[in-house]
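Data file: run25.txt. Format and content: compact mmCIF, C-alpha atoms.
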# COMPACT_ATOMS: atom_id res chain seq x y z
CA MET A 17 14.65 4.63 61.96
CA ARG A 18 13.56 7.94 60.46
CA LYS A 19 17.03 8.38 58.94
CA LEU A 20 16.82 4.89 57.47
CA ILE A 21 13.44 5.61 55.84
CA LEU A 22 14.72 8.94 54.51
CA GLY A 23 17.80 7.23 53.15
CA ILE A 24 15.73 4.57 51.35
CA CYS A 25 13.43 7.26 49.84
CA PHE A 26 16.48 9.20 48.65
CA LEU A 27 18.02 6.12 47.02
CA LEU A 28 14.71 5.23 45.35
CA SER A 29 14.17 8.70 43.89
CA TRP A 30 17.81 8.81 42.75
CA SER A 31 17.35 5.46 41.03
CA ILE A 32 14.18 6.62 39.24
CA GLN A 33 15.91 9.88 38.26
CA ALA A 34 18.92 7.95 36.95
CA GLN A 35 16.69 5.69 34.86
CA GLU A 36 14.77 8.68 33.50
CA THR A 37 18.01 10.52 32.71
CA SER A 38 19.36 7.43 31.03
CA ALA A 39 16.29 7.09 28.74
CA ASP A 40 16.25 10.83 28.04
CA SER A 41 19.92 10.77 27.04
CA LEU A 42 19.19 7.76 24.80
CA LEU A 43 16.43 9.81 23.18
CA LEU A 44 18.79 12.74 22.63
CA ASP A 45 21.30 10.40 20.97
CA LEU A 46 18.63 8.91 18.71
CA THR A 47 17.24 12.33 17.73
CA ALA A 48 20.75 13.51 16.89
CA GLU A 49 21.20 10.46 14.63
CA MET A 50 18.01 11.23 12.65
CA PRO A 51 18.55 12.84 9.23
CA SER A 52 17.65 16.51 9.40
CA THR A 53 16.70 17.24 5.78
CA VAL A 54 13.21 18.57 5.25
CA GLU A 55 11.42 18.07 1.96
CA PHE A 56 8.76 20.63 1.34
CA PHE A 57 7.59 19.09 -1.94
CA PRO A 58 7.04 15.50 -3.08
CA GLU A 59 9.14 13.91 -5.82
CA LYS A 60 6.20 13.84 -8.22
CA MET A 61 3.48 16.45 -8.62
CA MET A 62 0.64 17.00 -11.06
CA TRP A 63 1.95 19.36 -13.75
CA THR A 64 -0.71 21.96 -12.89
CA GLN A 65 0.37 21.93 -9.23
CA ARG A 66 4.03 22.34 -10.15
CA ALA A 67 3.20 25.11 -12.61
CA LEU A 68 1.17 27.03 -10.00
CA TRP A 69 2.69 26.14 -6.62
CA GLY A 70 6.16 24.74 -7.37
CA GLU A 71 9.33 26.53 -6.26
CA ARG A 72 9.21 28.55 -9.49
CA GLY A 73 5.42 28.41 -9.79
CA LEU A 74 3.23 31.11 -11.31
CA TYR A 75 1.58 31.98 -8.00
CA ARG A 76 4.99 32.72 -6.47
CA LYS A 77 6.00 34.90 -9.42
CA ILE A 78 2.85 37.04 -9.28
CA GLY A 79 2.79 37.32 -5.48
CA LEU A 80 -0.25 35.10 -4.76
CA ALA A 81 2.00 32.67 -2.86
CA PRO A 82 5.19 33.51 -0.91
CA ARG A 83 8.43 33.29 -2.94
CA GLU A 84 10.37 32.02 0.05
CA ILE A 85 9.27 28.54 1.09
CA THR A 86 9.48 27.96 4.84
CA PHE A 87 7.80 25.64 7.35
CA GLU A 88 5.15 28.27 8.04
CA THR A 89 4.37 29.12 4.41
CA ARG A 90 4.20 25.46 3.39
CA GLU A 91 1.92 24.67 6.33
CA LYS A 92 -0.43 27.46 5.28
CA GLU A 93 -0.45 26.05 1.74
CA LEU A 94 -1.29 22.60 3.10
CA LYS A 95 -4.27 24.10 4.95
CA ILE A 96 -5.37 25.70 1.67
CA ARG A 97 -5.01 22.28 0.05
CA ARG A 98 -7.20 20.68 2.72
CA THR A 99 -9.91 23.33 2.26
CA MET A 100 -9.82 22.91 -1.52
CA PHE A 101 -10.17 19.15 -1.19
CA ARG A 102 -13.14 19.50 1.14
CA ILE A 103 -14.81 21.68 -1.52
CA HIS A 104 -13.76 19.11 -4.16
CA GLN A 105 -15.53 16.35 -2.20
CA ILE A 106 -18.72 18.30 -1.42
CA VAL A 107 -19.18 19.85 -4.87
CA GLY A 108 -18.14 16.55 -6.44
CA ILE A 109 -21.02 14.73 -4.74
CA ALA A 110 -23.40 17.54 -5.72
CA THR A 111 -22.21 17.16 -9.33
CA ALA A 112 -22.96 13.43 -9.22
CA VAL A 113 -26.48 14.18 -8.00
CA GLY A 114 -26.91 16.74 -10.79
CA MET A 115 -25.69 14.22 -13.37
CA ALA A 116 -28.13 11.59 -12.12
CA ALA A 117 -30.95 14.16 -12.33
CA GLN A 118 -29.84 15.00 -15.88
CA GLY A 119 -30.00 11.32 -16.73
CA TYR A 120 -33.60 11.12 -15.56
CA VAL A 121 -34.66 14.36 -17.31
CA GLY A 122 -32.80 13.27 -20.46
CA TYR A 123 -34.63 9.92 -20.40
CA ARG A 124 -37.97 11.73 -20.25
CA ILE A 125 -37.26 14.16 -23.08
CA TYR A 126 -35.89 11.36 -25.29
CA ARG A 127 -39.30 9.67 -25.21
CA PRO A 128 -41.85 11.42 -27.49
CA GLU A 129 -44.71 10.65 -25.12
CA THR A 130 -43.04 12.44 -22.19
CA TYR A 131 -41.17 15.21 -24.07
CA THR A 132 -42.16 18.79 -23.26
CA THR A 133 -40.47 22.05 -24.25
CA GLN A 134 -40.43 23.03 -20.60
CA MET A 135 -38.53 19.86 -19.66
CA TYR A 136 -36.08 20.42 -22.53
CA GLU A 137 -35.36 23.96 -21.30
CA PHE A 138 -34.92 22.59 -17.76
CA HIS A 139 -32.44 20.01 -19.13
CA LYS A 140 -30.38 22.79 -20.74
CA GLY A 141 -30.45 24.90 -17.56
CA LEU A 142 -29.47 21.96 -15.37
CA ALA A 143 -26.62 21.19 -17.79
CA THR A 144 -25.21 24.66 -17.14
CA GLY A 145 -25.39 24.04 -13.39
CA VAL A 146 -23.74 20.63 -13.68
CA ASN A 147 -20.99 22.09 -15.89
CA ILE A 148 -20.25 24.81 -13.33
CA ALA A 149 -20.20 22.30 -10.45
CA TYR A 150 -18.04 19.89 -12.45
CA GLY A 151 -15.61 22.64 -13.39
CA THR A 152 -15.36 23.75 -9.76
CA THR A 153 -14.70 20.19 -8.62
CA ALA A 154 -11.96 19.78 -11.23
CA LEU A 155 -10.39 23.14 -10.42
CA MET A 156 -10.21 22.31 -6.70
CA SER A 157 -8.13 19.27 -7.56
CA PHE A 158 -5.92 20.54 -10.37
CA ALA A 159 -5.17 23.89 -8.78
CA ALA A 160 -4.61 22.74 -5.19
CA PRO A 161 -1.17 23.04 -3.57
CA PRO A 162 0.77 19.75 -3.80
CA ALA A 163 0.67 17.13 -1.06
CA LEU A 164 3.72 16.24 1.06
CA LEU A 165 4.00 12.72 -0.37
CA SER A 166 3.76 11.16 -3.79
CA SER A 167 3.84 7.51 -4.72
CA LYS A 168 4.56 5.41 -7.79
CA ARG A 169 2.26 2.73 -6.42
CA ILE A 170 -0.99 1.99 -8.30
CA ASP A 171 -3.65 2.41 -5.64
CA ASN A 172 -7.32 3.37 -5.61
CA MET A 173 -6.55 7.11 -5.61
CA ARG A 174 -4.42 6.73 -8.74
CA VAL A 175 -7.35 4.96 -10.45
CA HIS A 176 -9.59 7.82 -9.22
CA LYS A 177 -7.28 10.25 -11.09
CA TRP A 178 -7.16 8.09 -14.24
CA LEU A 179 -10.98 7.95 -14.33
CA SER A 180 -11.04 11.75 -14.21
CA TYR A 181 -9.48 11.82 -17.70
CA VAL A 182 -12.28 9.55 -18.92
CA HIS A 183 -15.12 11.59 -17.45
CA LEU A 184 -13.49 14.90 -18.41
CA THR A 185 -13.34 13.77 -22.03
CA GLY A 186 -16.92 12.52 -21.71
CA MET A 187 -18.16 15.83 -20.30
CA ILE A 188 -16.67 17.78 -23.20
CA THR A 189 -18.04 15.29 -25.75
CA THR A 190 -21.51 15.27 -24.16
CA ASN A 191 -21.69 19.06 -24.21
CA VAL A 192 -20.45 19.34 -27.82
CA LEU A 193 -22.90 16.68 -29.05
CA GLY A 194 -25.73 18.28 -27.09
CA GLN A 195 -25.19 21.50 -29.03
CA ARG A 196 -25.11 19.57 -32.33
CA ILE A 197 -28.29 17.54 -31.90
CA ALA A 198 -30.26 20.16 -33.87
CA ASN A 199 -27.73 19.79 -36.80
CA ASP A 200 -28.17 16.04 -37.24
CA PHE A 201 -30.91 14.71 -35.04
CA GLN A 202 -30.70 11.03 -35.99
CA VAL A 203 -26.91 10.68 -35.46
CA ASN A 204 -26.11 13.07 -32.64
CA LYS A 205 -29.02 12.31 -30.33
CA PRO A 206 -27.99 8.70 -29.57
CA LEU A 207 -24.32 9.71 -29.47
CA HIS A 208 -25.07 12.46 -26.95
CA ARG A 209 -26.88 9.95 -24.74
CA ALA A 210 -24.06 7.40 -25.07
CA ALA A 211 -21.45 10.03 -24.17
CA ALA A 212 -23.53 11.18 -21.18
CA LEU A 213 -23.98 7.64 -19.86
CA THR A 214 -20.26 6.88 -20.27
CA THR A 215 -19.39 10.10 -18.47
CA PHE A 216 -21.71 9.32 -15.58
CA GLY A 217 -20.42 5.74 -15.39
CA ALA A 218 -16.79 6.89 -15.16
CA TYR A 219 -17.72 9.61 -12.67
CA ALA A 220 -19.64 7.23 -10.41
CA ALA A 221 -16.78 4.72 -10.59
CA ALA A 222 -14.33 7.47 -9.62
CA ILE A 223 -16.38 8.13 -6.47
CA ALA A 224 -16.91 4.45 -5.68
CA ILE A 225 -13.19 3.59 -5.99
CA ILE A 226 -12.48 5.80 -2.95
CA LYS A 227 -14.19 3.15 -0.84
CA PHE A 228 -12.55 0.11 -2.43
CA GLU A 229 -8.85 0.03 -1.61
CA PHE A 230 -6.39 -2.43 -3.13
CA MET B 23 31.44 -8.56 31.11
CA ALA B 24 29.57 -5.25 31.35
CA GLN B 25 26.29 -5.66 33.21
CA LYS B 26 24.37 -3.08 31.21
CA LYS B 27 24.71 -2.60 27.51
CA ARG B 28 22.96 -0.66 24.79
CA LEU B 29 21.42 -3.02 22.24
CA SER B 30 21.18 -2.33 18.53
CA VAL B 31 17.83 -2.89 16.87
CA ASP B 32 17.50 -5.02 13.72
CA PRO B 33 15.39 -2.82 11.40
CA LYS B 34 14.45 -5.72 9.11
CA ALA B 35 12.91 -7.66 11.98
CA SER B 36 11.34 -4.71 13.79
CA GLU B 37 8.24 -2.65 13.12
CA ILE B 38 5.80 -0.20 14.61
CA ARG B 39 2.24 -0.41 13.38
CA TYR B 40 -0.74 1.84 13.95
CA ALA B 41 -4.40 1.08 13.26
CA MET B 42 -7.31 3.48 12.82
CA VAL B 43 -10.98 3.20 11.96
CA HIS B 44 -13.15 5.29 9.63
CA PRO B 45 -16.81 4.39 8.93
CA MET B 46 -15.82 3.76 5.28
CA HIS B 47 -12.82 1.57 6.08
CA SER B 48 -10.21 0.56 8.64
CA TRP B 49 -6.49 0.55 7.94
CA GLU B 50 -3.06 -0.10 9.34
CA ALA B 51 0.21 1.65 8.62
CA VAL B 52 3.66 0.23 9.25
CA SER B 53 6.99 1.88 9.95
CA LYS B 54 10.25 0.02 9.59
CA SER B 55 12.39 3.16 9.61
CA PHE B 56 12.51 4.15 13.24
CA GLN B 57 15.36 4.45 15.72
CA CYS B 58 15.19 2.52 18.97
CA ALA B 59 17.68 2.16 21.81
CA ILE B 60 17.36 -0.41 24.58
CA VAL B 61 19.55 -0.63 27.66
CA TRP B 62 19.73 -4.27 28.66
CA ASP B 63 20.83 -5.61 32.03
CA GLU B 64 22.60 -8.87 31.25
CA VAL B 65 22.64 -10.03 34.88
CA LYS B 66 18.98 -9.38 35.65
CA GLN B 67 17.97 -10.26 32.02
CA GLN B 68 15.77 -7.17 32.01
CA ILE B 69 15.28 -3.95 30.12
CA GLU B 70 16.57 -0.97 32.05
CA ALA B 71 15.61 1.85 29.69
CA VAL B 72 14.17 2.32 26.23
CA ALA B 73 13.86 5.25 23.83
CA VAL B 74 12.23 5.40 20.40
CA VAL B 75 12.16 8.00 17.63
CA ALA B 76 9.75 7.24 14.77
CA PRO B 77 9.47 9.72 11.88
CA VAL B 78 5.82 10.38 11.08
CA LYS B 79 6.72 10.22 7.40
CA SER B 80 7.92 6.61 7.72
CA PHE B 81 4.45 5.12 8.27
CA ASP B 82 3.10 3.44 5.13
CA SER B 83 -0.57 2.49 4.87
CA GLN B 84 -0.29 1.43 1.19
CA ASN B 85 -2.20 4.55 0.18
CA SER B 86 -0.08 7.64 -0.48
CA ASN B 87 -3.10 9.97 -0.48
CA ARG B 88 -4.05 8.87 3.02
CA ASP B 89 -0.45 8.97 4.26
CA SER B 90 -0.10 12.46 2.86
CA HIS B 91 -3.31 13.52 4.60
CA ALA B 92 -1.96 12.06 7.84
CA LEU B 93 1.19 14.18 7.52
CA GLU B 94 -0.94 17.29 7.08
CA VAL B 95 -3.14 16.51 10.10
CA LEU B 96 -0.09 15.72 12.24
CA GLU B 97 1.67 18.91 11.04
CA ALA B 98 4.65 16.77 10.14
CA LEU B 99 6.74 19.74 9.00
CA LYS B 100 6.60 21.17 12.52
CA PHE B 101 6.55 17.86 14.43
CA PRO B 102 8.38 15.34 12.23
CA ASN B 103 8.84 12.63 14.88
CA VAL B 104 6.93 10.63 17.45
CA THR B 105 9.21 9.95 20.41
CA PHE B 106 9.10 7.84 23.54
CA SER B 107 11.47 7.58 26.50
CA SER B 108 10.88 5.31 29.45
CA THR B 109 10.77 6.56 33.04
CA ARG B 110 10.18 3.25 34.81
CA ILE B 111 10.16 -0.43 33.93
CA LEU B 112 8.00 -2.40 36.33
CA GLY B 113 7.67 -6.10 36.97
CA GLU B 114 9.93 -9.08 36.67
CA GLY B 115 10.41 -11.89 34.23
CA ASN B 116 9.15 -11.56 30.67
CA ALA B 117 5.88 -9.70 31.28
CA LEU B 118 6.66 -6.10 32.18
CA LYS B 119 5.02 -2.70 32.33
CA VAL B 120 6.72 0.31 30.85
CA GLN B 121 5.98 3.84 32.01
CA GLY B 122 7.28 6.75 30.04
CA LYS B 123 6.79 9.97 28.12
CA LEU B 124 5.21 9.86 24.68
CA THR B 125 5.63 13.00 22.57
CA PHE B 126 3.23 13.16 19.66
CA HIS B 127 2.23 16.26 17.66
CA GLY B 128 4.31 18.36 20.05
CA VAL B 129 2.38 17.19 23.14
CA THR B 130 4.08 15.09 25.83
CA ARG B 131 2.05 12.77 28.05
CA GLU B 132 2.87 10.05 30.54
CA ILE B 133 1.71 6.65 29.38
CA GLU B 134 1.95 3.07 30.62
CA PHE B 135 1.70 -0.12 28.61
CA PRO B 136 2.54 -3.82 28.90
CA ILE B 137 5.39 -5.47 27.02
CA THR B 138 6.49 -9.07 26.52
CA LEU B 139 10.14 -10.09 26.33
CA LYS B 140 11.51 -13.08 24.49
CA PRO B 141 15.22 -13.17 25.27
CA THR B 142 17.58 -15.60 23.56
CA ALA B 143 21.35 -15.97 23.71
CA THR B 144 21.91 -13.45 20.91
CA ALA B 145 18.86 -11.21 20.88
CA VAL B 146 15.81 -9.92 22.73
CA GLU B 147 12.43 -9.55 21.13
CA VAL B 148 10.21 -6.91 22.71
CA SER B 149 6.56 -6.65 21.76
CA GLY B 150 3.57 -4.76 23.05
CA GLY B 151 0.99 -2.13 22.31
CA PHE B 152 -1.15 0.70 23.56
CA THR B 153 -3.93 3.01 22.43
CA VAL B 154 -3.89 6.80 22.32
CA GLN B 155 -6.70 9.29 21.79
CA MET B 156 -6.10 11.94 19.13
CA GLN B 157 -7.73 14.67 21.20
CA ASP B 158 -5.18 14.07 24.00
CA TYR B 159 -2.45 15.16 21.59
CA GLN B 160 -4.46 18.03 20.09
CA ILE B 161 -4.78 16.25 16.76
CA GLU B 162 -7.76 17.14 14.60
CA SER B 163 -9.49 13.97 13.37
CA PRO B 164 -8.98 13.53 9.63
CA THR B 165 -12.15 13.34 7.52
CA LEU B 166 -13.15 11.62 4.31
CA LEU B 167 -16.30 12.76 2.51
CA GLY B 168 -17.14 14.87 5.56
CA ILE B 169 -17.00 11.95 8.01
CA LYS B 170 -14.37 11.89 10.78
CA THR B 171 -12.27 8.93 11.81
CA LYS B 172 -12.65 7.44 15.30
CA GLU B 173 -10.50 9.03 18.01
CA ASP B 174 -8.47 5.89 18.86
CA ILE B 175 -5.07 5.17 17.39
CA ARG B 176 -4.01 1.63 18.29
CA LEU B 177 -0.21 1.19 18.27
CA GLN B 178 1.61 -2.12 18.26
CA PHE B 179 5.31 -2.79 18.04
CA LYS B 180 7.76 -5.63 17.70
CA VAL B 181 11.43 -4.89 18.12
CA LEU B 182 14.31 -7.32 17.75
CA ALA B 183 17.38 -6.07 19.57
CA LYS B 184 20.70 -7.86 19.06
CA LYS B 185 23.01 -8.40 22.06
Translate the structure described by the file into structure tokens.
Amino acid sequence: MRKLILGICFLLSWSIQAQETSADSLLLDLTAEMPSTVEFFPEKMMWTQRALWGERGLYRKIGLAPREITFETREKELKIRRTMFRIHQIVGIATAVGMAAQGYVGYRIYRPETYTTQMYEFHKGLATGVNIAYGTTALMSFAAPPALLSSKRIDNMRVHKWLSYVHLTGMITTNVLGQRIANDFQVNKPLHRAAALTTFGAYAAAIAIIKFEF
Amino acid sequence: MAQKKRLSVDPKASEIRYAMVHPMHSWEAVSKSFQCAIVWDEVKQQIEAVAVVAPVKSFDSQNSNRDSHALEVLEALKFPNVTFSSTRILGEGNALKVQGKLTFHGVTREIEFPITLKPTATAVEVSGGFTVQMQDYQIESPTLLGIKTKEDIRLQFKVLAKK
């Protein structure tokens, strides 16, 4: 009886082992059939990313990034990318808050009854802060190492990038017109406001589109 | 007639899908570019063994930025594939339980999940699903605007294997 039970246990464990071996050997066959090419870079990259981080990028030539691209070096670069995009998101939100504050302060100084020299000086100082934050946000995106994938598809992140060209143009225009208000008060003051509102509209849309996928 | 045979999977009629949730939105990603091998017992009309290799890069959530982020989080350069090999197939008929080893992000764990078979004269359709926790596979939860996704990854699959 004991021998019979032992025999049954042996056959059962052999059967389980055989099944496991069979599935493991299937897995080995499948893994061997998989293509083994590794692509470190996507097909398409932003021109700034290619210029800085591409295989012949500036950072590799001056020693800021390794010349030889391996799994380890590319993984480190992807971690740098992730950190830069976290900063992009945080400083980007702070920039939006600064822009909204500028809109409120600008509204008050545009009205004669609420204008004060102190508020005007504050508006100029805040503009410097917003410009620095905006520039940092932009730099974190344009100068980040490239992602692993690119796509030709038009999705919400592509629209987010397109809007950046609108608000970048708007930021430059707003700043230039702000400097020129003293030259031609009647013309440049409303233009400066229009440019600022357009910039903020495009910027807010660029943030909002992250939520709305299509 | 051989009792057991290895079935070939029809890639056009097969897919693996994963679903995740972030407070800002939920999404699904689909892979139709995976390798799957099924050993089919023609006499018992049962699956004897199954193995799957799914490249992480093959999952498409319709958003390349998110898919790219997923590859970074999953360290796809180091661990390019998710693999599964069965250790036991339990049950009889068309409602079975599969036990096996899932290797994800370089971590192998034993899992068990139900499957449903729909055999015909020329093919077998196998469908099922299971949920994994990212922390079990040492995966750092991806974040968007500083907010992390939920830990669960819900996987579902439908495979059509031709006899």
With a distance threshold of 6 Å and counting only C-alpha atoms, extract the residues of chain B near chain A and express them as a PyMOL selection string. chain B and resi 71-73+86+90+107-109+167
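Across the structure, CA of Gln118 (chain A) and CA of Lys177 (chain A) are spaced 23.5 Å apart.
We find CA of Leu112 (chain B) and CA of Glu37 (chain B) to be spaced 23.2 Å apart.
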I'd like the contact shell of region 173-183 of chain B - 7 Å cut-off, only C-alpha atoms, skipping same-chain residues fewer than 2 positions apart - returned as a ChimeraX atom specification. /B:29-32,35-42,145-156,163,171,185
List every protein, DNA or RNA residue that has at least one atom no more than 10 Å from (0.9, 10.2, 7.6) in the file's coordinates, counting all atoms listed in the file, and write the result as number ranges by chain. A: 164-165; B: 51, 77-83, 85-98
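Shortest separation to Pro136 (chain B) among B:Val65, B:Glu50, B:Asp158, B:Ile111 occurs at residue B:Ile111, atoms counted being all atoms listed in the file.
You will find CA of Asn116 (chain B) at 13.7 Å from CA of Glu64 (chain B).
Once Met115 (chain A) and its same-chain neighbours fewer than 3 positions away are set aside, Thr111, Ala112, Gln118, Gly119, Val146 and Phe216 of chain A remain within 7 Å of it when counting all atoms listed in the file.
Counting only C-alpha atoms and comparing A:Ala110, A:Leu142, A:Ile197, A:Ala48, the residue that lies closest to Gln57 (chain B) is A:Ala48.
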